[in-house]
Amino acid sequence: MRIYFKIAIGIMVSALTITSTLASKPVLSEEQALRMIYGNYNPATKHASWVNIPFLNKTVDGYFEERKGFVKAISLITFQENGKNKVFLLTKTIPTNIPFDCHACLPLIGATIFSESNNHWKIEAQNQFIMYDGEYGELPIVKPLKVGQDKFGLSLEFSHVAERDKEFSLLIPYKKSILQAHKETIYYENFNDCEFSKTIPCEAYTATVNFEESNADDYYKLKVKKFGTTYNEKRNKNMPIDQTITYKFINGRYKEISHAGSNYIERKEY
């Protein structure tokens, strides 16, 4: 018997009252930003060309075997931090030699922060190899977040058709890099599978992500609340989920420091 229930999906960030520190229009243009990084820009297609992509020891997606890509801006957000004007550029890179609109075609996501000094812009932090995500080349929902005392980051929300889930990623500048500090599945269900199979149990759960404002730490703590049901292999049955997990920012990542409630979801480390 299938049970229907109302699901509230949201990323409720209490620290998102940052409109006063965000400018309506970036003072550094998309073209200027991409030219500073890649040395070129095509105004007609609004992309830069990236050749000899330096994957080195990083994971190389099979689609990028030729190490060439077209880079487009996903978002360009201006903000102020420590009294300085800054721009947060989020990019996606796709291969140049093949169509890139399939389910498994995941763009390479990168980010750069520019800071202004004496009317000149320079690169302050950068990570061009944050993750591969965005099936069918779809763009994420991007939001600027206040993640600490005079500290800012970005949240990315990707929807996945095949897995029928939504994932939240938190990008935070740290030591001249930009890190995926946390990743969380905020929605999951398998109703299509379980309705047509007698052996697959139905699962559905949601999560909300909030920051706890405090002057005690440079970065706010992260609180994740989950609710729903999930299949537990050890118990061989569906189990309820009703839990609250608190994370603390440590060396570029959010680490779990406390847990309350049920714990039937296997936690992945990213």
# chains A, B, ... in the order shown; residues from 1 in each chain; ligands from 1
call {"tool": "residues_around", "arguments": {"residues": "Leu89 in chain A", "least_positions_apart": "4", "cutoff": "9 Å", "atoms": "only C-alpha atoms", "output": "PyMOL selection string"}}
result
chain A and resi 30+33+73-78+110-114
call {"tool": "write_last_selection", "arguments": {"atoms": "all heavy atoms", "output": "tab-separated table (two decimals), in the first residue's frame"}}
result
chain	number	residue	atom	x	y	z
A	30	GLU	N	31.39	39.23	-17.53
A	30	GLU	CA	31.64	37.82	-17.84
A	30	GLU	C	32.79	37.69	-18.82
A	30	GLU	O	33.67	36.83	-18.66
A	30	GLU	CB	30.36	37.22	-18.42
A	30	GLU	CG	30.48	35.80	-18.91
A	30	GLU	CD	29.19	35.32	-19.55
A	30	GLU	OE1	28.12	35.47	-18.91
A	30	GLU	OE2	29.24	34.82	-20.68
A	33	ALA	N	36.14	38.41	-17.10
A	33	ALA	CA	36.50	37.32	-16.19
A	33	ALA	C	37.06	36.12	-16.95
A	33	ALA	O	38.11	35.57	-16.59
A	33	ALA	CB	35.30	36.93	-15.35
A	73	ALA	N	30.03	30.72	-18.43
A	73	ALA	CA	29.69	31.15	-17.07
A	73	ALA	C	28.30	30.65	-16.70
A	73	ALA	O	27.36	30.78	-17.49
A	73	ALA	CB	29.75	32.67	-16.97
A	74	ILE	N	28.17	30.09	-15.52
A	74	ILE	CA	26.86	29.71	-14.97
A	74	ILE	C	26.29	30.89	-14.20
A	74	ILE	O	25.12	31.23	-14.32
A	74	ILE	CB	26.98	28.48	-14.05
A	74	ILE	CG1	27.46	27.27	-14.84
A	74	ILE	CG2	25.64	28.19	-13.38
A	74	ILE	CD1	27.71	26.05	-13.97
A	75	SER	N	27.12	31.51	-13.39
A	75	SER	CA	26.69	32.68	-12.62
A	75	SER	C	27.90	33.57	-12.35
A	75	SER	O	29.04	33.10	-12.31
A	75	SER	CB	26.03	32.28	-11.30
A	75	SER	OG	26.96	31.63	-10.45
A	76	LEU	N	27.63	34.85	-12.17
A	76	LEU	CA	28.66	35.86	-11.87
A	76	LEU	C	28.06	36.76	-10.80
A	76	LEU	O	27.18	37.57	-11.08
A	76	LEU	CB	29.01	36.63	-13.14
A	76	LEU	CG	30.23	37.54	-13.09
A	76	LEU	CD1	31.52	36.72	-12.97
A	76	LEU	CD2	30.30	38.41	-14.34
A	77	ILE	N	28.53	36.62	-9.57
A	77	ILE	CA	27.92	37.29	-8.42
A	77	ILE	C	28.94	38.20	-7.75
A	77	ILE	O	30.05	37.77	-7.42
A	77	ILE	CB	27.38	36.27	-7.41
A	77	ILE	CG1	26.30	35.40	-8.07
A	77	ILE	CG2	26.83	36.96	-6.17
A	77	ILE	CD1	25.83	34.25	-7.22
A	78	THR	N	28.57	39.46	-7.56
A	78	THR	CA	29.42	40.43	-6.89
A	78	THR	C	29.04	40.54	-5.41
A	78	THR	O	27.86	40.55	-5.08
A	78	THR	CB	29.29	41.81	-7.56
A	78	THR	OG1	29.72	41.70	-8.91
A	78	THR	CG2	30.16	42.84	-6.87
A	110	GLY	N	33.59	24.47	-12.28
A	110	GLY	CA	34.72	25.17	-11.68
A	110	GLY	C	34.29	26.52	-11.13
A	110	GLY	O	33.18	26.98	-11.37
A	111	ALA	N	35.18	27.16	-10.39
A	111	ALA	CA	34.84	28.46	-9.81
A	111	ALA	C	36.11	29.28	-9.59
A	111	ALA	O	37.20	28.74	-9.37
A	111	ALA	CB	34.11	28.29	-8.48
A	112	THR	N	35.94	30.60	-9.67
A	112	THR	CA	37.03	31.55	-9.44
A	112	THR	C	36.49	32.75	-8.68
A	112	THR	O	35.37	33.20	-8.94
A	112	THR	CB	37.63	32.02	-10.78
A	112	THR	OG1	38.11	30.90	-11.52
A	112	THR	CG2	38.79	33.00	-10.54
A	113	ILE	N	37.27	33.24	-7.74
A	113	ILE	CA	36.92	34.48	-7.04
A	113	ILE	C	37.94	35.55	-7.43
A	113	ILE	O	39.16	35.33	-7.37
A	113	ILE	CB	36.89	34.29	-5.52
A	113	ILE	CG1	35.68	33.44	-5.13
A	113	ILE	CG2	36.83	35.64	-4.81
A	113	ILE	CD1	35.54	33.22	-3.65
A	114	PHE	N	37.41	36.70	-7.85
A	114	PHE	CA	38.24	37.85	-8.19
A	114	PHE	C	38.07	38.90	-7.10
A	114	PHE	O	36.97	39.09	-6.57
A	114	PHE	CB	37.81	38.46	-9.53
A	114	PHE	CG	37.85	37.51	-10.70
A	114	PHE	CD1	36.77	36.67	-10.97
A	114	PHE	CD2	38.95	37.46	-11.54
A	114	PHE	CE1	36.81	35.80	-12.05
A	114	PHE	CE2	38.99	36.60	-12.62
A	114	PHE	CZ	37.92	35.76	-12.87
call {"tool": "residues_around", "arguments": {"residues": "Phe64 in chain A", "least_positions_apart": "2", "cutoff": "10 Å", "atoms": "only C-alpha atoms", "output": "list in words"}}
result
Ile53, Phe55, Val60, Asp61, Gly62, Glu66, Arg67, Lys68, Gly69, Thr93, Ile94, Pro95, Thr96, Asn97, Ile98, Pro107 and Leu108 of chain A
call {"tool": "select_by_dssp", "arguments": {"residues": "range 62-246 of chain A", "states": "strand (DSSP E or B)", "output": "PDB file with C-alpha atoms, in the first residue's frame"}}
result
ATOM      1  CA  LYS A  68      39.824  20.530 -24.836  1.00  0.00           C
ATOM      2  CA  GLY A  69      36.686  22.309 -23.664  1.00  0.00           C
ATOM      3  CA  PHE A  70      34.285  25.192 -24.106  1.00  0.00           C
ATOM      4  CA  VAL A  71      33.838  27.179 -20.882  1.00  0.00           C
ATOM      5  CA  LYS A  72      30.674  29.146 -20.112  1.00  0.00           C
ATOM      6  CA  ALA A  73      29.686  31.155 -17.075  1.00  0.00           C
ATOM      7  CA  ILE A  74      26.861  29.714 -14.968  1.00  0.00           C
ATOM      8  CA  SER A  75      26.693  32.682 -12.623  1.00  0.00           C
ATOM      9  CA  LEU A  76      28.657  35.855 -11.871  1.00  0.00           C
ATOM     10  CA  ILE A  77      27.924  37.294  -8.424  1.00  0.00           C
ATOM     11  CA  THR A  78      29.425  40.428  -6.889  1.00  0.00           C
ATOM     12  CA  PHE A  79      29.770  40.764  -3.113  1.00  0.00           C
ATOM     13  CA  GLN A  80      31.805  42.536  -0.450  1.00  0.00           C
ATOM     14  CA  GLU A  81      34.013  40.678   1.993  1.00  0.00           C
ATOM     15  CA  LYS A  84      36.818  44.439  -0.592  1.00  0.00           C
ATOM     16  CA  ASN A  85      34.746  44.186  -3.771  1.00  0.00           C
ATOM     17  CA  LYS A  86      34.773  40.612  -5.023  1.00  0.00           C
ATOM     18  CA  VAL A  87      33.212  38.545  -7.804  1.00  0.00           C
ATOM     19  CA  PHE A  88      32.310  34.851  -7.555  1.00  0.00           C
ATOM     20  CA  LEU A  89      32.376  33.213 -11.010  1.00  0.00           C
ATOM     21  CA  LEU A  90      30.906  29.723 -11.448  1.00  0.00           C
ATOM     22  CA  THR A  91      31.645  27.948 -14.743  1.00  0.00           C
ATOM     23  CA  LYS A  92      30.846  24.774 -16.639  1.00  0.00           C
ATOM     24  CA  THR A  93      33.152  23.168 -19.198  1.00  0.00           C
ATOM     25  CA  ILE A  94      32.031  20.744 -21.905  1.00  0.00           C
ATOM     26  CA  PRO A  95      34.117  18.873 -24.524  1.00  0.00           C
ATOM     27  CA  LEU A 108      33.061  19.999 -15.372  1.00  0.00           C
ATOM     28  CA  ILE A 109      32.141  22.588 -12.718  1.00  0.00           C
ATOM     29  CA  GLY A 110      34.723  25.173 -11.678  1.00  0.00           C
ATOM     30  CA  ALA A 111      34.843  28.461  -9.805  1.00  0.00           C
ATOM     31  CA  THR A 112      37.029  31.546  -9.443  1.00  0.00           C
ATOM     32  CA  ILE A 113      36.923  34.485  -7.043  1.00  0.00           C
ATOM     33  CA  PHE A 114      38.241  37.850  -8.195  1.00  0.00           C
ATOM     34  CA  SER A 115      39.064  40.717  -5.832  1.00  0.00           C
ATOM     35  CA  GLU A 116      39.423  44.408  -6.666  1.00  0.00           C
ATOM     36  CA  SER A 117      42.287  46.606  -5.494  1.00  0.00           C
ATOM     37  CA  HIS A 120      42.352  46.451 -10.798  1.00  0.00           C
ATOM     38  CA  TRP A 121      41.022  42.906 -10.624  1.00  0.00           C
ATOM     39  CA  LYS A 122      43.052  39.847  -9.686  1.00  0.00           C
ATOM     40  CA  ILE A 123      42.322  36.175  -9.068  1.00  0.00           C
ATOM     41  CA  GLU A 124      42.125  35.538  -5.324  1.00  0.00           C
ATOM     42  CA  ALA A 125      40.965  31.916  -5.214  1.00  0.00           C
ATOM     43  CA  GLN A 126      40.294  29.276  -7.841  1.00  0.00           C
ATOM     44  CA  ASN A 127      39.360  25.637  -8.387  1.00  0.00           C
ATOM     45  CA  GLN A 128      38.593  24.655 -11.977  1.00  0.00           C
ATOM     46  CA  PHE A 129      38.008  21.002 -11.072  1.00  0.00           C
ATOM     47  CA  ILE A 130      35.375  21.043  -8.314  1.00  0.00           C
ATOM     48  CA  MET A 131      33.066  18.320  -9.625  1.00  0.00           C
ATOM     49  CA  TYR A 132      31.269  16.788 -12.596  1.00  0.00           C
ATOM     50  CA  ILE A 141      20.104  26.485  -9.050  1.00  0.00           C
ATOM     51  CA  VAL A 142      22.765  28.820  -7.619  1.00  0.00           C
ATOM     52  CA  LYS A 143      22.397  30.934  -4.472  1.00  0.00           C
ATOM     53  CA  PRO A 144      24.901  33.123  -2.616  1.00  0.00           C
ATOM     54  CA  LEU A 145      25.196  32.296   1.078  1.00  0.00           C
ATOM     55  CA  LYS A 146      26.683  33.948   4.119  1.00  0.00           C
ATOM     56  CA  VAL A 147      28.674  31.097   5.675  1.00  0.00           C
ATOM     57  CA  GLY A 148      30.417  32.956   8.486  1.00  0.00           C
ATOM     58  CA  LYS A 151      32.467  35.076   4.730  1.00  0.00           C
ATOM     59  CA  PHE A 152      30.487  34.000   1.680  1.00  0.00           C
ATOM     60  CA  GLY A 153      29.990  30.919  -0.443  1.00  0.00           C
ATOM     61  CA  LEU A 154      27.622  29.428  -3.008  1.00  0.00           C
ATOM     62  CA  SER A 155      25.002  26.710  -2.831  1.00  0.00           C
ATOM     63  CA  LEU A 156      24.335  24.572  -5.913  1.00  0.00           C
ATOM     64  CA  GLU A 157      21.228  22.430  -6.314  1.00  0.00           C
ATOM     65  CA  PHE A 158      21.279  19.768  -9.023  1.00  0.00           C
ATOM     66  CA  SER A 159      18.245  17.665 -10.009  1.00  0.00           C
ATOM     67  CA  HIS A 160      18.863  14.149 -11.329  1.00  0.00           C
ATOM     68  CA  ASP A 165      16.893  13.028  -6.376  1.00  0.00           C
ATOM     69  CA  LYS A 166      18.107  16.545  -5.667  1.00  0.00           C
ATOM     70  CA  GLU A 167      21.569  17.244  -4.352  1.00  0.00           C
ATOM     71  CA  PHE A 168      22.816  20.294  -2.496  1.00  0.00           C
ATOM     72  CA  SER A 169      26.487  21.264  -2.764  1.00  0.00           C
ATOM     73  CA  LEU A 170      28.123  23.999  -0.714  1.00  0.00           C
ATOM     74  CA  LEU A 171      31.147  25.776  -2.230  1.00  0.00           C
ATOM     75  CA  ILE A 172      33.377  27.732   0.149  1.00  0.00           C
ATOM     76  CA  PRO A 173      36.595  29.665  -0.593  1.00  0.00           C
ATOM     77  CA  TYR A 174      39.422  28.277   1.530  1.00  0.00           C
ATOM     78  CA  SER A 177      41.049  27.426  -3.421  1.00  0.00           C
ATOM     79  CA  ILE A 178      37.290  26.871  -3.617  1.00  0.00           C
ATOM     80  CA  LEU A 179      36.141  23.611  -2.071  1.00  0.00           C
ATOM     81  CA  GLN A 180      33.016  21.526  -2.125  1.00  0.00           C
ATOM     82  CA  ALA A 181      32.703  21.791   1.639  1.00  0.00           C
ATOM     83  CA  HIS A 182      29.502  19.740   1.903  1.00  0.00           C
ATOM     84  CA  LYS A 183      27.217  17.649  -0.278  1.00  0.00           C
ATOM     85  CA  GLU A 184      23.768  16.481   0.767  1.00  0.00           C
ATOM     86  CA  THR A 185      20.864  14.641  -0.862  1.00  0.00           C
ATOM     87  CA  ILE A 186      17.911  16.892  -0.025  1.00  0.00           C
ATOM     88  CA  TYR A 187      15.267  14.849  -1.850  1.00  0.00           C
ATOM     89  CA  TYR A 188      14.994  11.211  -2.905  1.00  0.00           C
ATOM     90  CA  GLU A 189      12.199   8.869  -3.967  1.00  0.00           C
ATOM     91  CA  ALA A 204      11.247   8.748   0.098  1.00  0.00           C
ATOM     92  CA  TYR A 205      12.978  11.313   2.239  1.00  0.00           C
ATOM     93  CA  THR A 206      13.801  15.018   2.295  1.00  0.00           C
ATOM     94  CA  ALA A 207      16.358  17.179   4.049  1.00  0.00           C
ATOM     95  CA  THR A 208      16.625  20.836   4.983  1.00  0.00           C
ATOM     96  CA  VAL A 209      19.954  22.619   5.362  1.00  0.00           C
ATOM     97  CA  ASN A 210      20.432  25.584   7.723  1.00  0.00           C
ATOM     98  CA  PHE A 211      23.291  27.574   9.170  1.00  0.00           C
ATOM     99  CA  GLU A 212      23.629  28.366  12.873  1.00  0.00           C
ATOM    100  CA  TYR A 219      32.405  29.655   9.852  1.00  0.00           C
ATOM    101  CA  LYS A 221      27.854  25.409  11.882  1.00  0.00           C
ATOM    102  CA  LEU A 222      25.651  23.492   9.455  1.00  0.00           C
ATOM    103  CA  LYS A 223      22.487  21.744  10.626  1.00  0.00           C
ATOM    104  CA  VAL A 224      20.794  19.121   8.433  1.00  0.00           C
ATOM    105  CA  LYS A 225      17.345  17.735   9.271  1.00  0.00           C
ATOM    106  CA  LYS A 226      16.083  14.611   7.465  1.00  0.00           C
ATOM    107  CA  PHE A 227      12.640  13.044   7.440  1.00  0.00           C
ATOM    108  CA  GLY A 228      11.021  10.137   5.571  1.00  0.00           C
ATOM    109  CA  THR A 229      11.689   6.423   5.059  1.00  0.00           C
ATOM    110  CA  THR A 230      14.598   4.433   3.661  1.00  0.00           C
ATOM    111  CA  TYR A 231      15.449   0.781   3.127  1.00  0.00           C
ATOM    112  CA  ASN A 232      17.999  -0.595   5.575  1.00  0.00           C
ATOM    113  CA  LYS A 237      13.151  -3.582   5.825  1.00  0.00           C
ATOM    114  CA  ASN A 238      12.110   0.048   5.521  1.00  0.00           C
ATOM    115  CA  MET A 239      13.019   2.223   8.459  1.00  0.00           C
ATOM    116  CA  PRO A 240      11.815   5.708   9.441  1.00  0.00           C
ATOM    117  CA  ILE A 241      14.142   8.686   9.171  1.00  0.00           C
ATOM    118  CA  ASP A 242      13.829  11.536  11.641  1.00  0.00           C
ATOM    119  CA  GLN A 243      17.235  12.934  12.424  1.00  0.00           C
ATOM    120  CA  THR A 244      19.198  16.122  12.942  1.00  0.00           C
ATOM    121  CA  ILE A 245      22.927  16.242  12.201  1.00  0.00           C
ATOM    122  CA  THR A 246      25.220  19.140  13.071  1.00  0.00           C
TER     123      THR A 246
END
call {"tool": "atom_distance", "arguments": {"atom1": "CA of Asp193 in chain A", "atom2": "CA of Phe100 in chain A"}}
result
27.3 Å
call {"tool": "atom_distance", "arguments": {"atom1": "CA of Glu135 in chain A", "atom2": "CA of Cys105 in chain A"}}
result
5.7 Å
call {"tool": "atom_distance", "arguments": {"atom1": "CA of Leu139 in chain A", "atom2": "CA of Glu213 in chain A"}}
result
29.4 Å
call {"tool": "closest_residue", "arguments": {"among": "A:Glu31, A:Glu233, A:Asp133, A:Glu138", "to": "Pro201 in chain A", "atoms": "only C-alpha atoms"}}
result
A:Glu233
